[in-house]
Amino acid sequence: MEKIRQPFQGVWNIVRFNWQFYILSGGFLLLLVVLYNYPGTALRPYILIIGVLVLLPIVISLAVSYYVYDLSGLYELKWIDNNTPNDKIRIININAGFDETSVLLQQKFPNAQLEVLDFYDPLKHTEVSIKRARKAYPPFPGTKTVTTTHLPFTDDTADKIFVIFAAHEIRNEAERIIFFKELKRIIKPGGEIIITEHLRDLPNFMAYNIGFTHFYAKATWLRVFGAAGLTIKKEQKLTAFISTFILIK
């Protein structure tokens with residue numbers, strides 16, 4: 001598969017889409033440096049401790065992000081089975097306003113009919129990072145804007161459905177269950193729904209600190225899958241920080 005992503009692209013996206021956080025953190029650290037070097041100050045040990053407590057989580061989160069998004073092979077998609085390379089299967093790729101995978105899926109499944117859906121709603125998804133990402137990455141050609149409660153397909157029409165780092169943006173659980181019921185409705189018998197997410201677990205807490213609360217625990221996902229009438233065919237981990245659930249009817 002032709003290499004599309006650039007070195008450090010993943011971690012650089014995190015920095016540029018959340019630049020205000022890094023500027024504020026850098027300004028605070030610069031203030032600590034000034035205070036630390038102020039003549040006669042008796043607070044240097046405390047300033048040093050505060051500086052470490054601020055800097056260390058940033059360094060760890062960026063290092064983990066570089067490993068996950070740039071080194072792990074996540075976007076090489078080798079972890080996705082392609083057992084129908086020559087078949088004209090129908091693939092649906094669903095995102096929440098930021099699409100890094102449709103071009104890659106098109107390469108991996110060159111004969112597939114790829115349809116891309118975007119359920120981004122500016123009234124619900126108010127994070128400034130998503131707005132910046134949408135400006136930096138134009139939608140895949142032909143992307144359809146949809147809602148989470150209705151997908152514009154008839155029953156049993158998709159062979160594979162991908163929802164990569166998007167489903168957690170549906171913050172209301174009842175809405176999330178309806179969304180997964182829609183996925184169940186449009187997937188063919190024997191078809192696969194591939195859900196990739198960070199989890200609210202210890203590895204992601206160690207990596208992202210309080211930021212891990214933006215993710216959902218595995219038990220939450222299992223409850224949603226069950227309520228939607230879906231079964232886990234396979235669960236796999238590309239790294240300790242990412243889980244993929246392959247679901248079937």
# chains A, B, ... in the order shown; residues from 1 in each chain; ligands from 1
$ residues_around --residues "stretch 44-53 of chain A" --least-positions-apart "3" --cutoff "12 Å" --atoms "only C-alpha atoms" --output "list in words"
Ser25, Gly26, Gly27, Phe28, Leu29, Leu30, Leu31, Leu32, Val33, Val34, Leu35, Tyr36, Asn37, Tyr38, Pro39, Gly40, Thr41, Leu56, Pro57, Ile58, Val59, Ile60 and Asn209 of chain A
$ write_last_selection --atoms "N, CA and C atoms" --output "CSV table (one decimal), in the first residue's frame"
chain,number,residue,atom,x,y,z
A,25,SER,N,0.4,25.8,28.6
A,25,SER,CA,1.4,25.0,29.4
A,25,SER,C,2.8,25.5,29.3
A,26,GLY,N,3.2,25.9,28.1
A,26,GLY,CA,4.5,26.4,27.8
A,26,GLY,C,4.7,27.7,28.6
A,27,GLY,N,3.7,28.6,28.5
A,27,GLY,CA,3.7,29.9,29.2
A,27,GLY,C,3.9,29.7,30.8
A,28,PHE,N,3.1,28.7,31.3
A,28,PHE,CA,3.2,28.5,32.7
A,28,PHE,C,4.6,27.9,33.1
A,29,LEU,N,5.1,27.0,32.3
A,29,LEU,CA,6.5,26.5,32.5
A,29,LEU,C,7.5,27.6,32.4
A,30,LEU,N,7.4,28.5,31.5
A,30,LEU,CA,8.3,29.6,31.4
A,30,LEU,C,8.2,30.5,32.6
A,31,LEU,N,7.0,30.7,33.2
A,31,LEU,CA,6.9,31.5,34.4
A,31,LEU,C,7.6,30.8,35.5
A,32,LEU,N,7.5,29.5,35.6
A,32,LEU,CA,8.2,28.7,36.7
A,32,LEU,C,9.7,28.9,36.5
A,33,VAL,N,10.2,28.9,35.3
A,33,VAL,CA,11.6,29.0,35.1
A,33,VAL,C,12.1,30.4,35.6
A,34,VAL,N,11.3,31.4,35.3
A,34,VAL,CA,11.6,32.8,35.8
A,34,VAL,C,11.6,32.8,37.3
A,35,LEU,N,10.6,32.2,37.9
A,35,LEU,CA,10.6,32.2,39.4
A,35,LEU,C,11.7,31.4,40.0
A,36,TYR,N,12.0,30.3,39.3
A,36,TYR,CA,13.1,29.5,39.8
A,36,TYR,C,14.5,30.2,39.9
A,37,ASN,N,14.7,31.1,38.9
A,37,ASN,CA,15.9,31.8,38.7
A,37,ASN,C,15.9,33.2,39.4
A,38,TYR,N,14.8,33.5,40.1
A,38,TYR,CA,14.7,34.8,40.8
A,38,TYR,C,15.7,34.8,41.9
A,39,PRO,N,16.5,35.8,42.0
A,39,PRO,CA,17.6,35.8,43.1
A,39,PRO,C,16.9,35.7,44.5
A,40,GLY,N,17.5,34.8,45.3
A,40,GLY,CA,17.1,34.7,46.7
A,40,GLY,C,15.9,34.0,47.0
A,41,THR,N,15.2,33.4,46.0
A,41,THR,CA,14.0,32.7,46.2
A,41,THR,C,14.2,31.4,47.0
A,56,LEU,N,5.8,16.5,33.0
A,56,LEU,CA,5.8,15.0,32.8
A,56,LEU,C,4.6,14.4,32.1
A,57,PRO,N,3.4,14.8,32.5
A,57,PRO,CA,2.2,14.3,31.8
A,57,PRO,C,2.2,14.7,30.3
A,58,ILE,N,2.6,15.9,30.0
A,58,ILE,CA,2.6,16.3,28.6
A,58,ILE,C,3.6,15.5,27.8
A,59,VAL,N,4.8,15.3,28.3
A,59,VAL,CA,5.8,14.5,27.6
A,59,VAL,C,5.3,13.0,27.4
A,60,ILE,N,4.7,12.5,28.5
A,60,ILE,CA,4.2,11.1,28.4
A,60,ILE,C,3.1,10.9,27.4
A,209,ASN,N,-3.8,10.8,31.4
A,209,ASN,CA,-4.2,11.4,32.7
A,209,ASN,C,-5.7,11.6,32.7
$ residues_around --residues "A:Ala240" --least-positions-apart "5" --cutoff "12 Å" --atoms "only C-alpha atoms" --output "list in words"
Val64, Ser65, Tyr67, Val68, Ser72, Glu197, His198, Leu199, Arg200, Asp201, Leu202, Pro203, Asn204, Phe205, Met206 and Ala207 of chain A
$ write_last_selection --atoms "C-alpha atoms" --output "short mmCIF file (atom, residue, chain, number, x, y, z; two decimals), in the first residue's frame"
data_model
loop_
_atom_site.label_atom_id
_atom_site.label_comp_id
_atom_site.auth_asym_id
_atom_site.auth_seq_id
_atom_site.Cartn_x
_atom_site.Cartn_y
_atom_site.Cartn_z
CA VAL A 64 2.42 7.58 23.75
CA SER A 65 0.58 9.39 20.96
CA TYR A 67 3.94 5.50 19.45
CA VAL A 68 0.24 4.84 18.81
CA SER A 72 2.51 1.20 15.82
CA GLU A 197 -11.45 3.01 20.31
CA HIS A 198 -9.29 4.00 23.21
CA LEU A 199 -10.75 2.69 26.47
CA ARG A 200 -11.17 4.31 29.85
CA ASP A 201 -8.66 1.97 31.47
CA LEU A 202 -5.34 2.02 33.31
CA PRO A 203 -3.00 2.21 30.27
CA ASN A 204 -4.91 5.18 28.85
CA PHE A 205 -5.04 6.85 32.28
CA MET A 206 -1.26 6.50 32.55
CA ALA A 207 -0.90 7.94 29.06
#
$ closest_residue --among "A:His125, A:Lys108, A:Lys135, A:Arg90" --to "A:Ile161" --atoms "only C-alpha atoms"
A:Arg90
$ closest_atom_pairs --of "stretch 6-111 of chain A" --to "stretch 169-187 of chain A" --cutoff "12 Å" --atoms "only C-alpha atoms" --output "Markdown table"
| residue | atom | partner | partner_atom | distance |
| --- | --- | --- | --- | --- |
| A:Ile89 | CA | A:Ile187 | CA | 11.8 |
| A:Arg90 | CA | A:Ile187 | CA | 9.8 |
| A:Ile91 | CA | A:Ile187 | CA | 9.7 |
| A:Ile92 | CA | A:Ile187 | CA | 9.4 |
| A:Asn93 | CA | A:Leu183 | CA | 11.1 |
| A:Ile94 | CA | A:Leu183 | CA | 10.2 |
| A:Asn95 | CA | A:Glu169 | CA | 9.5 |
| A:Ala96 | CA | A:Glu169 | CA | 6.9 |
| A:Gly97 | CA | A:Glu169 | CA | 9.8 |
| A:Phe98 | CA | A:Glu169 | CA | 11.2 |
$ closest_atom_pairs --of "stretch 79-102 of chain A" --to "stretch 136-144 of chain A" --cutoff "8 Å" --atoms "only C-alpha atoms" --output "CSV"
residue,atom,partner,partner_atom,distance
A:Phe98,CA,A:Tyr137,CA,7.1
A:Asp99,CA,A:Pro139,CA,6.8
A:Glu100,CA,A:Tyr137,CA,7.9
A:Ser102,CA,A:Phe140,CA,6.8
$ atom_distance --atom1 "atom CA of A:Tyr75" --atom2 "atom CA of A:Glu235"
18.1 Å
